[in-house]
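This report concerns only the one structure given below.
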Amino acid sequence: MTLVRRSEEAPGLYVHVPFCVRRCPYCDFYSISDLALIPRYIANLAREAELFASAWPEPFETLYLGGGSPSLLNREGLTGLLKALSLFDLSQLKEITLEVNPEDVSSEQVALWAETGFTRLSLGLQSLDERWLGHVLGRGHTVEQSRVAVEMLKRWPFELSLDLIYGLPSQALEDWGRDLLRAAELEPDHISTYNLTVEAETPLAKSIAEKYLPPLPSPDKVADLFLLSSQALNAKGFYRYEVSNFARPGHESRHNLKYWRRVPYLGLGPAAHSFDGQNHWGNLLSVRQWASALVSGVAPRAFKEKLDHKAILLETIMLGLRLAEGLPASILAKSPRLVKFIKSGHLVRTEGRIRPTEKGLLLVDHLAIELTE
Ligand code: SF4
């Protein structure tokens with residue numbers, strides 16, 4: 001089987017900002033609330049940049065600040081963070097994204113984001129229905145704050161993406177349909193829709209187990225919610241270009257496309273992941289452990305994995321089939337199960353590519369495993 005490596009495309013740079021003022025009850029990401037540690041975090045980020053700058057001399061095409069809550073960084077924090085990256089070639093950046101919490105949106109912060117060069121804001125609305133936003137998701141903002149935040153951001157020339165979560169306890173089709181329409185009516189460029197996964201040991205898992213909250217929708221119901229997303233958003237001018245992501249044509253996330261197309265990316269900060277075209281590695285989760293590795297002058301890695309041919313093939317198929325653009329048919333030409341999945345309506349062959357159908361998108365990992373056997 002022929003593999004396509006797209007490393008001729010310029011890489012992306014990701015920076016993980018691990019600070020959150022409070023913990024959302026469904027979140028199992030590592031984050032810390034001691035904002036007094038921000039200056040030390042930035043000093044260590046500069047050390048990490050120094051460690052990797054010579055190995056990544058090519059210009060980056062995208063920069064993405066995720067978290068955590070990078071939008072809580074004030075002027076000193078944000079300019080300090082960007083300065084820490086100055087050893088990299090950022091002269092060709094075409095997209096600079098900041099993840100934003102609605103409660104951090106103020107006229108001063110928005111002006112700062114514009115002044116420091118951000119082109120794209122990804123706003124974590126999560127729900128536009130108060131019944132889930134506060135009670136279930138425990139977010140620190142209200143629906144009204146979300147609307148005010150969107151109105152403020154739209155006065156600036158940012159690309160705007162909105163994040164929504166579905167598959168919430170007792171959520172009905174009409175509830176999710178209403179959320180999608182409310183989001184589309186805010187006229188963003190991009191909408192991400194994430195299926196809620198309830199991780200063990202989170203306060204949300206406990207609330208459901210102890211019946212303070214109703215149970216999650218069944219897998220069949222979740223599949224219906226997934227399919228409804230396309231119906232509702234297609235009618236509003238968005239198309240699903242990846243399992244969880246919709247965009248108006250031309251407004252896809254350049255940075256996130258690199259992950260699915262297996263273009264190299266460098267991740268800095270605790271818990272950040274990287275890929276150089278052949279190896280994956282992930283940083284230590286804890287800020288303190290990450291920082292102490294850097295102070296000792298060593299890469300703050302938790303793991304590094306070199307992919308063999310079989311793993312590269314599986315990853316290429318698994319990631320490629322997440323995308324509406326699919327994969328070059330040549331990659332799957334020798335797979336004995338390809339015809340079966342075309343006949344079953346999970347995949348289609350068009351213009352020399354194998355693309356997933358909506359039904360196929362529901363089963364991407366399963367399809368990829370079977371196709372590589
Ligand atoms: S803001 Fe995001 S990263 Fe922080 S606790 Fe909430 S869900 Fe987790």
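The way I read the labels, and the way they are meant: chains A, B, ... in the order of the structure tokens, residue 1 as the first residue of every chain, and ligand 1 as the first ligand shown, with later ones counted on from there.
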Worksheet item: What residues have any atom no more than 12 Å from ligand 1 when counting only C-alpha atoms and all ligand atoms, and can you list them as a ChimeraX atom specification?
Response: /A:16-33,66-72,99-104,122-126,133,137-141,163-165,194,196-197,202-204,271
DSSP-assigned strand (DSSP E) among stretch 129-319 of chain A, expressed as an mmCIF file with N, CA and C atoms, in the first residue's frame:
```cif
data_model
loop_
_atom_site.group_PDB
_atom_site.id
_atom_site.type_symbol
_atom_site.label_atom_id
_atom_site.label_comp_id
_atom_site.auth_asym_id
_atom_site.auth_seq_id
_atom_site.Cartn_x
_atom_site.Cartn_y
_atom_site.Cartn_z
ATOM 1 N N GLU A 159 -11.647 35.515 12.486
ATOM 2 C CA GLU A 159 -12.425 34.329 12.131
ATOM 3 C C GLU A 159 -12.994 33.844 13.457
ATOM 4 N N LEU A 160 -14.257 33.464 13.461
ATOM 5 C CA LEU A 160 -14.862 33.061 14.729
ATOM 6 C C LEU A 160 -15.372 31.629 14.660
ATOM 7 N N SER A 161 -14.917 30.818 15.611
ATOM 8 C CA SER A 161 -15.388 29.444 15.725
ATOM 9 C C SER A 161 -16.101 29.295 17.062
ATOM 10 N N LEU A 162 -17.193 28.522 17.079
ATOM 11 C CA LEU A 162 -17.936 28.281 18.324
ATOM 12 C C LEU A 162 -17.876 26.798 18.653
ATOM 13 N N ASP A 163 -17.640 26.474 19.919
ATOM 14 C CA ASP A 163 -17.627 25.067 20.369
ATOM 15 C C ASP A 163 -18.956 24.743 21.034
ATOM 16 N N LEU A 164 -19.528 23.607 20.668
ATOM 17 C CA LEU A 164 -20.747 23.116 21.320
ATOM 18 C C LEU A 164 -20.537 21.676 21.746
ATOM 19 N N ILE A 165 -21.243 21.270 22.806
ATOM 20 C CA ILE A 165 -21.188 19.879 23.269
ATOM 21 C C ILE A 165 -22.585 19.276 23.143
ATOM 22 N N TYR A 166 -22.655 18.034 22.641
ATOM 23 C CA TYR A 166 -23.953 17.332 22.571
ATOM 24 C C TYR A 166 -23.821 15.972 23.248
ATOM 25 N N HIS A 190 -17.263 28.995 11.753
ATOM 26 C CA HIS A 190 -16.887 27.602 12.029
ATOM 27 C C HIS A 190 -17.620 27.157 13.292
ATOM 28 N N ILE A 191 -18.066 25.915 13.326
ATOM 29 C CA ILE A 191 -18.703 25.383 14.548
ATOM 30 C C ILE A 191 -18.119 23.998 14.819
ATOM 31 N N SER A 192 -17.618 23.784 16.037
ATOM 32 C CA SER A 192 -17.150 22.456 16.445
ATOM 33 C C SER A 192 -18.224 21.836 17.332
ATOM 34 N N THR A 193 -18.523 20.565 17.100
ATOM 35 C CA THR A 193 -19.564 19.881 17.882
ATOM 36 C C THR A 193 -18.931 18.640 18.507
ATOM 37 N N TYR A 194 -18.826 18.627 19.815
ATOM 38 C CA TYR A 194 -18.150 17.509 20.491
ATOM 39 C C TYR A 194 -19.151 16.671 21.270
ATOM 40 N N ASN A 195 -19.039 15.374 21.096
ATOM 41 C CA ASN A 195 -19.875 14.462 21.863
ATOM 42 C C ASN A 195 -19.320 14.372 23.288
ATOM 43 N N TYR A 239 -20.617 23.034 6.229
ATOM 44 C CA TYR A 239 -20.488 21.625 5.851
ATOM 45 C C TYR A 239 -19.550 20.933 6.830
ATOM 46 N N ARG A 240 -19.804 19.641 7.019
ATOM 47 C CA ARG A 240 -18.969 18.873 7.945
ATOM 48 C C ARG A 240 -17.693 18.493 7.214
ATOM 49 N N TYR A 241 -16.569 19.095 7.592
ATOM 50 C CA TYR A 241 -15.312 18.735 6.920
ATOM 51 C C TYR A 241 -14.509 17.745 7.725
ATOM 52 N N GLU A 242 -14.947 17.520 8.984
ATOM 53 C CA GLU A 242 -14.298 16.522 9.842
ATOM 54 C C GLU A 242 -15.364 16.039 10.810
ATOM 55 N N ASN A 245 -16.284 18.764 13.126
ATOM 56 C CA ASN A 245 -16.102 20.166 12.734
ATOM 57 C C ASN A 245 -16.838 20.562 11.461
ATOM 58 N N PHE A 246 -17.508 21.703 11.561
ATOM 59 C CA PHE A 246 -18.260 22.276 10.440
ATOM 60 C C PHE A 246 -17.681 23.658 10.133
ATOM 61 N N ALA A 247 -17.702 23.999 8.840
ATOM 62 C CA ALA A 247 -17.200 25.333 8.471
ATOM 63 C C ALA A 247 -18.002 25.850 7.292
ATOM 64 N N TYR A 265 3.760 18.852 13.513
ATOM 65 C CA TYR A 265 3.413 19.966 14.405
ATOM 66 C C TYR A 265 4.257 19.825 15.663
ATOM 67 N N LEU A 266 4.604 20.951 16.217
ATOM 68 C CA LEU A 266 5.367 20.959 17.469
ATOM 69 C C LEU A 266 4.455 21.487 18.566
ATOM 70 N N GLY A 267 4.382 20.749 19.667
ATOM 71 C CA GLY A 267 3.582 21.185 20.808
ATOM 72 C C GLY A 267 4.482 21.562 21.964
ATOM 73 N N LEU A 268 4.262 22.730 22.518
ATOM 74 C CA LEU A 268 5.043 23.199 23.672
ATOM 75 C C LEU A 268 4.108 23.377 24.857
ATOM 76 N N HIS A 273 1.330 17.654 22.700
ATOM 77 C CA HIS A 273 1.796 16.551 21.857
ATOM 78 C C HIS A 273 2.472 17.101 20.602
ATOM 79 N N SER A 274 3.396 16.308 20.051
ATOM 80 C CA SER A 274 4.117 16.715 18.843
ATOM 81 C C SER A 274 4.203 15.551 17.881
ATOM 82 N N PHE A 275 4.447 15.886 16.617
ATOM 83 C CA PHE A 275 4.607 14.875 15.570
ATOM 84 C C PHE A 275 5.574 15.452 14.541
ATOM 85 N N ASN A 279 7.730 10.408 14.285
ATOM 86 C CA ASN A 279 7.634 10.141 15.728
ATOM 87 C C ASN A 279 6.543 10.996 16.353
ATOM 88 N N HIS A 280 5.850 10.372 17.315
ATOM 89 C CA HIS A 280 4.928 11.131 18.162
ATOM 90 C C HIS A 280 5.564 11.242 19.533
ATOM 91 N N TRP A 281 5.399 12.377 20.194
ATOM 92 C CA TRP A 281 5.779 12.438 21.599
ATOM 93 C C TRP A 281 4.848 13.369 22.339
ATOM 94 N N GLY A 282 4.780 13.112 23.644
ATOM 95 C CA GLY A 282 3.903 13.924 24.485
ATOM 96 C C GLY A 282 4.686 14.443 25.672
ATOM 97 N N ASN A 283 4.380 15.648 26.086
ATOM 98 C CA ASN A 283 5.065 16.259 27.224
ATOM 99 C C ASN A 283 4.485 15.779 28.547
ATOM 100 N N ARG A 301 9.649 15.250 28.118
ATOM 101 C CA ARG A 301 8.795 14.246 27.481
ATOM 102 C C ARG A 301 8.262 13.213 28.466
ATOM 103 N N ALA A 302 6.989 12.854 28.267
ATOM 104 C CA ALA A 302 6.418 11.737 29.023
ATOM 105 C C ALA A 302 6.591 10.452 28.217
ATOM 106 N N PHE A 303 6.545 10.560 26.878
ATOM 107 C CA PHE A 303 6.736 9.382 26.025
ATOM 108 C C PHE A 303 7.165 9.836 24.641
ATOM 109 N N LYS A 304 7.784 8.903 23.903
ATOM 110 C CA LYS A 304 8.098 9.134 22.492
ATOM 111 C C LYS A 304 7.889 7.811 21.775
ATOM 112 N N GLU A 305 7.231 7.858 20.637
ATOM 113 C CA GLU A 305 6.904 6.620 19.932
ATOM 114 C C GLU A 305 7.255 6.761 18.455
ATOM 115 N N LYS A 306 8.087 5.845 17.968
ATOM 116 C CA LYS A 306 8.390 5.837 16.528
ATOM 117 C C LYS A 306 7.430 4.866 15.875
#
```
Item to complete: Measure the distance from atom CA of A:Leu338 to atom CA of A:Lys310 in Å and round it to one decimal.
Response: 17.3 Å
Near-A:Ala43 list (10 Å; only C-alpha atoms; drop same-chain fewer than 3 positions) as an mmCIF file with C-alpha atoms, in the first residue's frame:
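Saved as part22.cif:
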```
data_model
loop_
_atom_site.group_PDB
_atom_site.id
_atom_site.type_symbol
_atom_site.label_atom_id
_atom_site.label_comp_id
_atom_site.auth_asym_id
_atom_site.auth_seq_id
_atom_site.Cartn_x
_atom_site.Cartn_y
_atom_site.Cartn_z
ATOM 1 C CA ILE A 38 2.190 32.083 35.022
ATOM 2 C CA PRO A 39 5.525 34.009 34.966
ATOM 3 C CA ARG A 40 7.434 30.792 35.767
ATOM 4 C CA ALA A 46 11.147 30.097 26.604
ATOM 5 C CA ARG A 47 13.544 27.312 27.725
ATOM 6 C CA GLU A 48 11.483 24.743 25.817
ATOM 7 C CA GLY A 80 5.575 37.302 27.384
ATOM 8 C CA LEU A 81 4.326 34.027 25.900
ATOM 9 C CA ALA A 84 9.094 33.183 24.336
ATOM 10 C CA ALA A 291 9.300 22.823 34.449
ATOM 11 C CA LEU A 294 13.400 22.156 31.425
ATOM 12 C CA VAL A 295 15.378 23.701 34.264
#
```
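The neighbours of A:Glu315 here are the residues that come within 10 Å of it, using only C-alpha atoms and leaving out any residue fewer than 6 positions away in the same chain; they are Trp260, Arg261, Arg262, Leu307, His309, Leu321, Asp365, Ala368, Ile369 and Thr372 of chain A.
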Write the residues you've just listed into a file as an mmCIF file, in the first residue's frame, and include C-alpha atoms for each of them.
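Written file, again.cif:
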```cif
data_model
loop_
_atom_site.group_PDB
_atom_site.id
_atom_site.type_symbol
_atom_site.label_atom_id
_atom_site.label_comp_id
_atom_site.auth_asym_id
_atom_site.auth_seq_id
_atom_site.Cartn_x
_atom_site.Cartn_y
_atom_site.Cartn_z
ATOM 1 C CA TRP A 260 -5.658 14.893 10.464
ATOM 2 C CA ARG A 261 -3.455 15.193 7.374
ATOM 3 C CA ARG A 262 -0.376 14.091 9.350
ATOM 4 C CA LEU A 307 5.709 4.502 14.235
ATOM 5 C CA HIS A 309 4.879 0.860 8.735
ATOM 6 C CA LEU A 321 -11.311 8.962 7.135
ATOM 7 C CA ASP A 365 -12.003 3.843 14.041
ATOM 8 C CA ALA A 368 -9.809 1.932 9.808
ATOM 9 C CA ILE A 369 -8.946 -1.167 11.846
ATOM 10 C CA THR A 372 -5.765 -2.343 7.633
#
```
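The neighbours of A:Thr79 here are the residues that come within 10 Å of it, using only C-alpha atoms and leaving out any residue fewer than 5 positions away in the same chain; they are Ile42, Leu73, Asn74, Ala84, Leu112, Trp113 and Thr116 of chain A.
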Filtering to C-alpha atoms, could you give me those residues as a PDB file, in the first residue's frame?
```pdb
ATOM      1  CA  ILE A  42       6.447  31.504  30.539  1.00  0.00           C
ATOM      2  CA  LEU A  73      -3.634  35.679  30.072  1.00  0.00           C
ATOM      3  CA  ASN A  74      -3.343  39.420  30.589  1.00  0.00           C
ATOM      4  CA  ALA A  84       9.094  33.183  24.336  1.00  0.00           C
ATOM      5  CA  LEU A 112      -5.147  42.911  23.088  1.00  0.00           C
ATOM      6  CA  TRP A 113      -5.854  39.780  21.003  1.00  0.00           C
ATOM      7  CA  THR A 116      -0.972  40.747  19.290  1.00  0.00           C
TER       8      THR A 116
END
```
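Ranking A:Glu151, A:Asp89, A:Asp220, A:Glu130 by their shortest atom-to-atom distance to A:Leu173, with only C-alpha atoms included, puts A:Asp220 first.
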Practice prompt. Mind the document's chain letters and residue numbers, and return as a PyMOL selection string the residues of stretch 101-275 of chain A that DSSP labels helix (DSSP H, G or I).
Written response: chain A and resi 102-104+107-115+130-133+143-153+173-185+203-209+219-234+254-261
Practice prompt. Write out as JSON, numbers by chain each polymer residue whose atoms come within 8 Å of A:Leu225, counting only C-alpha atoms; drop sequence neighbours fewer than 3 positions from it.
Written response: {"A": [166, 167, 173, 176, 221, 222, 228, 229]}
Given the selection you just returned, output its residues as a file containing N, CA and C atoms, formatted as a PDB file, in the first residue's frame.
```pdb
ATOM      1  N   TYR A 166     -22.655  18.034  22.641  1.00  0.00           N
ATOM      2  CA  TYR A 166     -23.953  17.332  22.571  1.00  0.00           C
ATOM      3  C   TYR A 166     -23.821  15.972  23.248  1.00  0.00           C
ATOM      4  N   GLY A 167     -24.971  15.272  23.299  1.00  0.00           N
ATOM      5  CA  GLY A 167     -24.971  13.986  24.010  1.00  0.00           C
ATOM      6  C   GLY A 167     -25.035  14.215  25.517  1.00  0.00           C
ATOM      7  N   LEU A 173     -33.521  15.323  20.741  1.00  0.00           N
ATOM      8  CA  LEU A 173     -33.157  15.812  19.405  1.00  0.00           C
ATOM      9  C   LEU A 173     -33.518  17.283  19.227  1.00  0.00           C
ATOM     10  N   TRP A 176     -31.047  19.648  20.937  1.00  0.00           N
ATOM     11  CA  TRP A 176     -29.782  19.812  20.203  1.00  0.00           C
ATOM     12  C   TRP A 176     -30.006  20.609  18.925  1.00  0.00           C
ATOM     13  N   LYS A 221     -29.213   7.067  20.258  1.00  0.00           N
ATOM     14  CA  LYS A 221     -29.662   8.459  20.351  1.00  0.00           C
ATOM     15  C   LYS A 221     -28.503   9.407  20.019  1.00  0.00           C
ATOM     16  N   VAL A 222     -27.314   9.061  20.494  1.00  0.00           N
ATOM     17  CA  VAL A 222     -26.142   9.894  20.195  1.00  0.00           C
ATOM     18  C   VAL A 222     -25.890   9.906  18.686  1.00  0.00           C
ATOM     19  N   LEU A 228     -28.127  14.677  13.096  1.00  0.00           N
ATOM     20  CA  LEU A 228     -28.900  15.918  13.084  1.00  0.00           C
ATOM     21  C   LEU A 228     -27.998  17.140  12.888  1.00  0.00           C
ATOM     22  N   SER A 229     -26.769  17.051  13.400  1.00  0.00           N
ATOM     23  CA  SER A 229     -25.852  18.203  13.293  1.00  0.00           C
ATOM     24  C   SER A 229     -25.678  18.613  11.833  1.00  0.00           C
TER      25      SER A 229
END
```
